[in-house]
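K.L.:
Questions regarding the structure given below will be posed in turn.
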Amino acid sequence: MYHIDIMTLFPDTVGDVLSESILGRAQERDILRIDTHQIRDYTVNKQKQVDDYPYGGGRGAVLQADPLYRCWEHICARYDKRPHTIFLSPCGKTFTQADAKRLAWEQDHLILVCGHYEGVDQRFIDECVDEEISLGDFVLTGGEIAAMAVADAVCRLVPGVLSDAECFENESHWDGLLEYPQYSRPAVWHGREIPEVLSTGDHAKIERWRRKQSILRTRQRRPDLFEKLDLSSKADQKLLAELERELSRPPLPQPVECRLAQELDLDDMEVILEQAKALLVPIGQWNADYPAREDFLADMARGECYVLTCGGRVGGFFTLSARPEEGYAAITDGKWSADEPYAVIHRCAIASQWRGSGLADRMIGACEELASGLGIGWLRVDTHKKNKAMQGLIRRHGFQYRGNVLVDAPPGSDCRRAAYEKRLRHPLPNVKKNF
Ligand SMILES: C[S@@+](CC[C@H](N)C(=O)[O-])C[C@H]1O[C@@H](n2cnc3c(N)ncnc32)[C@H](O)[C@@H]1O
C-alpha cells in the first residue's frame, strides 16, 4: 500500500478533497492510504499557537520548528523506515510529471509538509526535509493546494489506482508531448463539427492525426518541451515535414467566404483559370479551349458556379451541380456505393498564390455544406489519373475511389477519369454554415 501523510493546519479540507472520486475509491480498496495531521495538536502551549515573529524583524509570522518536528516525529514513529519528506515551497524545484513518476515508483511513503504564514523555520527544513517542491512560480497562502496537487498527481500513477497504464501513458507530459484535442458526443455542437478523421473508424489514421496534433500543440504552446523531443523516427519526420509545409503557408486574408459567382467575377476567374491550365493542360485534364468563359457563364446561368473570396478578392472557383452526370452511370472497374441523389464538383481551381494555404480545403468544405444544405447525401467528383494534387485533396477529405468514368474530351485526348465519392455526414436542409 502507498502511504501519504500530510502535515497541515487544515487537515479536514485536505482530507475531504483527497478522499473523493478515484483517490477515495483507491483508499477503500487499500491501494492507498492518505492521512492528514493537524500541526496544532503537537504544540505544548495552551493556545495551540504554532507561529511566532521572525528573528531579525519583518512582517508576518513563521511556523515554528518544534510543533512541526513533533508532528513529523510522531508520523515517523509509525513506520520502520524514515518516510521521504517533502516541504511544499515556492523556493523548491518546480513539480513535473517526471517528479510524479519518480515519487510514485521509487517511494512508497511520503510526508508532505504544508507551510503557512511567511514560511517555516529553516532548521526544521534542514533537519527533516528531503526535498522542496514548488507548484510553480507564484505564491500561495499555504502549502495545502500544492500538497493536494502533488498527492493527486503521484497517487494516480500508483499501480492499481487507475484501471490501466494506458490511462496515463497517452496523457500530456508523459513522453514530453502535450495531449491532442479531445472530443465527445454530439458530433456537431453549436455548429462546430468534430475533426472528420475521428469518425472514420480507421485507427491508424486516427493515431497519426493525434500524434500530429500533439506535436503541433507542443511546438506552438511549449517550445521549451518541443526542443527536447526525439522526433527522429521516419513517421515523425514525415509528420514534421507536413507540419512545416502547413505552417509556412501564407495566411489567407480574412474573411474567407463562398458565394455564387457573378459575371463581374469573370475577369478574376480567368486569371485563375490560366494558372490552373498551366498545370492541367499538360496532363490532359483540360485543354486550351476548355473550360472557357462560356462554360462559366452557362454554370452561372444555372446557379451552379461559386467563387471563394479571401479578404474580398476572388481566390478560387468551382461548379457544384445536382444534376445527374451522364457518363457516371457507366462507371467501370468498380461501382458507386448507392443509387441515390448526388452533387458533382466540376471546373474548380485555386489561385496559384493561395495553393497550399488551405483554401482548397475550404472549397471542399463549401461543396459539402452546399450539397448537405440541399439535403443531398453524396458528393462525387472525377479527375484525371495524373492529377495527383486533386486526388490528394479529395482523399484527405475522405473521398473514396470508386472506378473509372468517361467524360467529353476533345478528339485524341484521354477521356478516362478516376471517379470518387464521399458520403456526407449531415445531409440536412439548411444546416448551419460554418464555412
Ligand atoms: C505565503 S507562502 C510563504 C512564501 C515565502 N515567504 C516566500 O516568499 O517564499 C506560505 C506557504 O505557502 C506554501 N506555498 C506558497 N507558494 C507555493 C508554491 N508555489 N508551491 C508550493 N508551496 C507554496 C508554502 O508551504 C509556504 O510556506
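Quick note on naming: the chains in the C-alpha cells go A, B, ... in the order shown, residues restart at 1 in each chain, and ligands are numbered from 1 in order of appearance.
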List every residue of segment 216-341 of chain A that DSSP, applied to the backbone of this structure, places in helix (DSSP H, G or I), and write the result as a PyMOL selection string.
P.N.:
chain A and resi 216-221+223-228+234-247+263-283+293-301+326-330
K.L.:
Taking only C-alpha atoms and all ligand atoms into account, which residues have an atom no farther than 10 Å from ligand 1? I'd like them as a ChimeraX atom specification.
P.N.:
/A:8,59-63,87-95,112-121,132-147,149-150
K.L.:
Pick the closest to Pro255 of chain A from A:Leu157, A:Ala338, A:Leu424, A:Leu308: which is it, counting only C-alpha atoms?
P.N.:
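For Pro255 of chain A, the nearest of the given residues is A:Leu308.
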K.L.:
Choose the residue, out of A:Cys367, A:Ile34, A:Ala301, A:Ile283, that has the smallest atom-to-atom separation from Phe317 of chain A; count only C-alpha atoms.
P.N.:
A:Cys367
K.L.:
Extract, using only C-alpha atoms, all DNA, RNA and protein residues at most 12 Å from Leu264 of chain A, discarding same-chain residues fewer than 3 positions from it, and format them as a list in words.
P.N.:
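The contact residues come out as Leu260, Ala261, Asp267, Asp268, Met269, Glu270, Arg293, Phe296, Leu297, Met300, Val307, Arg313 and Val314 of chain A.
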K.L.:
Set the distance at 12 Å and use only C-alpha atoms: which residues neighbour Arg208 of chain A once local chain neighbours fewer than 2 positions away are removed? I'd like the list as an NGL selection string.
P.N.:
:A and (180 or 197-198 or 202-206 or 210-215 or 235-236 or 238-240 or 242)
K.L.:
Pick out the residues sitting within 12 Å of Arg25 of chain A, and hand them over as a ChimeraX atom specification; count only C-alpha atoms, and ignore anything fewer than 4 positions along from it in its own chain.
P.N.:
/A:18-21,29-34,155-156,160-163
K.L.:
Find, counting only C-alpha atoms, the residue in A:Gln97, A:Ser372, A:Ser172, A:Thr85 that gets nearest to His109 of chain A.
P.N.:
A:Thr85
K.L.:
Can you tell me, as a list in words, which residues in segment 208-294 of chain A count as strand (DSSP E or B) by DSSP?
P.N.:
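Strand (DSSP E or B) members of segment 208-294 of chain A, listed: Val256, Glu257, Cys258, Arg259, Leu260, Asn287 and Tyr290 of chain A.
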K.L.:
Grab the residues selected above and save them as a PDB file, in the first residue's frame with C-alpha atoms.
P.N.:
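Result written to again-v2.pdb:
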ATOM      1  CA  VAL A 256     -12.820  33.649 -46.404  1.00  0.00           C
ATOM      2  CA  GLU A 257     -16.259  33.358 -47.945  1.00  0.00           C
ATOM      3  CA  CYS A 258     -18.108  31.358 -50.560  1.00  0.00           C
ATOM      4  CA  ARG A 259     -20.807  32.894 -52.749  1.00  0.00           C
ATOM      5  CA  LEU A 260     -22.462  32.435 -56.126  1.00  0.00           C
ATOM      6  CA  ASN A 287      -7.164  21.830 -72.917  1.00  0.00           C
ATOM      7  CA  TYR A 290     -11.782  24.086 -72.110  1.00  0.00           C
TER       8      TYR A 290
END
K.L.:
Find the residues around Arg347 of chain A up to 8 Å (only C-alpha atoms counted), leave out those fewer than 6 positions away in its own chain, and share them as a PDB file with N, CA, C and O atoms, in the first residue's frame.
P.N.:
ATOM      1  N   PRO A 291     -11.746  24.550 -69.727  1.00  0.00           N
ATOM      2  CA  PRO A 291     -13.016  25.279 -69.772  1.00  0.00           C
ATOM      3  C   PRO A 291     -12.800  26.711 -70.275  1.00  0.00           C
ATOM      4  O   PRO A 291     -11.683  27.226 -70.206  1.00  0.00           O
ATOM      5  N   PHE A 317     -12.541  29.113 -57.594  1.00  0.00           N
ATOM      6  CA  PHE A 317     -13.924  28.912 -58.054  1.00  0.00           C
ATOM      7  C   PHE A 317     -14.204  27.423 -58.205  1.00  0.00           C
ATOM      8  O   PHE A 317     -13.274  26.606 -58.259  1.00  0.00           O
ATOM      9  N   PHE A 318     -15.476  27.112 -58.247  1.00  0.00           N
ATOM     10  CA  PHE A 318     -15.886  25.736 -58.536  1.00  0.00           C
ATOM     11  C   PHE A 318     -17.333  25.747 -59.007  1.00  0.00           C
ATOM     12  O   PHE A 318     -18.064  26.714 -58.789  1.00  0.00           O
ATOM     13  N   THR A 319     -17.697  24.649 -59.643  1.00  0.00           N
ATOM     14  CA  THR A 319     -19.086  24.464 -60.048  1.00  0.00           C
ATOM     15  C   THR A 319     -19.611  23.283 -59.267  1.00  0.00           C
ATOM     16  O   THR A 319     -18.912  22.268 -59.126  1.00  0.00           O
TER      17      THR A 319
END
K.L.:
Atom CA of Tyr2 of chain A and atom CA of Asp130 of chain A are how many Å apart?
P.N.:
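Value for the atom CA of Tyr2 of chain A-atom CA of Asp130 of chain A distance: 18.1 Å.
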